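Let me begin by presenting the structure, written as structure tokens, before commenting on it.
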Amino acid sequence: MARHGSQMLSTKAMALALGLFFLTSAATTEEYDYYSWQSDNFHNGRFYTKQPQCVDIPADLRLCHNVGYKKMRLPNLLDHESMPEVKQQAGSWVPLLAKRCHADTQVFLCSLFAPVCLDRPIYPCRSLCEAVRDSCAPVMETYGFPWPEMLQCEKFPIDNDLCIPMQFSGNHATQTPASKVCPPCDNELKADTIMEHFCASDFALKMKIKEVKKEKGDRKLIAAQKKKKVLKLGVLRKKDLKKLVLYIKNGANCPCTQLDNLGSNFLIMGRKVDQQLLLMSIHKWDKKSKELKFAIKYMKSHQCPTYHTVFQ
């Protein structure tokens with residue numbers, strides 16, 4: 001993400017937070033230790049063990065640490081009661097943020113995962129949800145993820161002064177021009193990016209690709225019969241490796257420079273969805289890359305968080 005775009009988003013998010021704040025109080029967000037509007041621990045039909053509080057947004061909450069305000073409500077608006085739970089569930093959305101599918105993706109997600117700390121909960125407007133959904137759902141579909149039930153836009157209020165509106169004019173604006181590259185091919189060869197996809201994938205392999213075809217709007221990758229190095233077996237069985245076929249969902253016509261030359265080995269990561277193996281990420285196996293070497297070594301000991309409840 002370009003630094004200028006990030007600063008613009010943070011500035012707008014901060015302005016939004018301050019604007020909402022002055023609707024309700026003349027104090028600063030740091031002065032709230034709890035939410036005065038809620039005298040008990042029952043909210044939205046759920047009983048909480050703790051009173052809602054204002055807490056610092058931690059540096060390792062990568063999805064929202066730079067959103068533009070420093071304090072968040074806990075429990076948040078997705079019923080996550082503890083910071084470890086927030087971090088775990090928010091972490092799986094960081095790769096989507098990196099895809100720049102919509103300029104307001106961070107504002108929308110953080111309004112729920114790390115809502116600004118005011119004296120009443122403020123939800124995202126329905127139009128904000130719809131704009132982000134319409135731009136980002138196709139990217140999620142590429143990876144085999146449906147738009148999740150917890151983010152169904154009908155749940156959010158129709159636009160008014162008491163909900164968070166779109167921050168950028170134009171419903172498909174992005175911080176930097178969105179790449180038209182196939183999403184699994186549009187990833188930096190950086191250790192943290194590799195590990196994010198590794199944890200979000202069912203399997204990871206070092207392998208060669210024999211052939212690439214187009215099939216019903218998808219791109220079909222046929223693995224070479226040569227020996228494959230398993231980095232994460234996951235849902236695959238050993239017999240699956242003998243005739244391995246992967247797909248880039250809706251990727252028949254988008255560019256993927258990694259597939260221009262099939263002579264090298266590849267780092268392949270993917271998910272099994274409806275008996276199909278979908279490509280999540282592809283990198284050429286660059287023996288000179290320190291980032292790749294570090295990631296491969298880290299895979300052996302890293303304990304991935306569980307993301308399964310996010311997209312179910």
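Every chain in the structure tokens takes a letter, A first, then B, and so on in the order presented; its residues are numbered from 1, and the ligands are numbered from 1 following the presented order.
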Select from region 89-172 of chain A every residue with an atom at most 8 Å from any atom of region 57-69 of chain A, then for each give the shortest pair of atoms and their distance in Å to one decimal, using only C-alpha atoms, rows by chain and rising number, as a Markdown table.
```
| residue | atom | partner | partner_atom | distance |
| --- | --- | --- | --- | --- |
| A:Ala90 | CA | A:Leu63 | CA | 6.3 |
| A:Gly91 | CA | A:Leu63 | CA | 6.6 |
| A:Trp93 | CA | A:Leu63 | CA | 7.1 |
| A:Val94 | CA | A:Leu63 | CA | 5.5 |
| A:Leu97 | CA | A:Leu63 | CA | 7.7 |
| A:Gln106 | CA | A:Cys64 | CA | 7.1 |
| A:Val107 | CA | A:Val67 | CA | 7.0 |
| A:Cys110 | CA | A:Cys64 | CA | 5.7 |
| A:Ala114 | CA | A:Cys64 | CA | 6.8 |
| A:Val116 | CA | A:Tyr69 | CA | 7.1 |
```
_With DSSP run on the backbone, what are the strand (DSSP E or B) residues within region 124-215 of chain A? I'd like them as a PyMOL selection string._
chain A and resi 124+163-164+203-207+209-215
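Between Lys213 (chain A) and the residues A:Asp240, A:Phe113, A:Ile248, A:Asp192, the shortest atom-to-atom distance, using only C-alpha atoms, involves A:Ile248.
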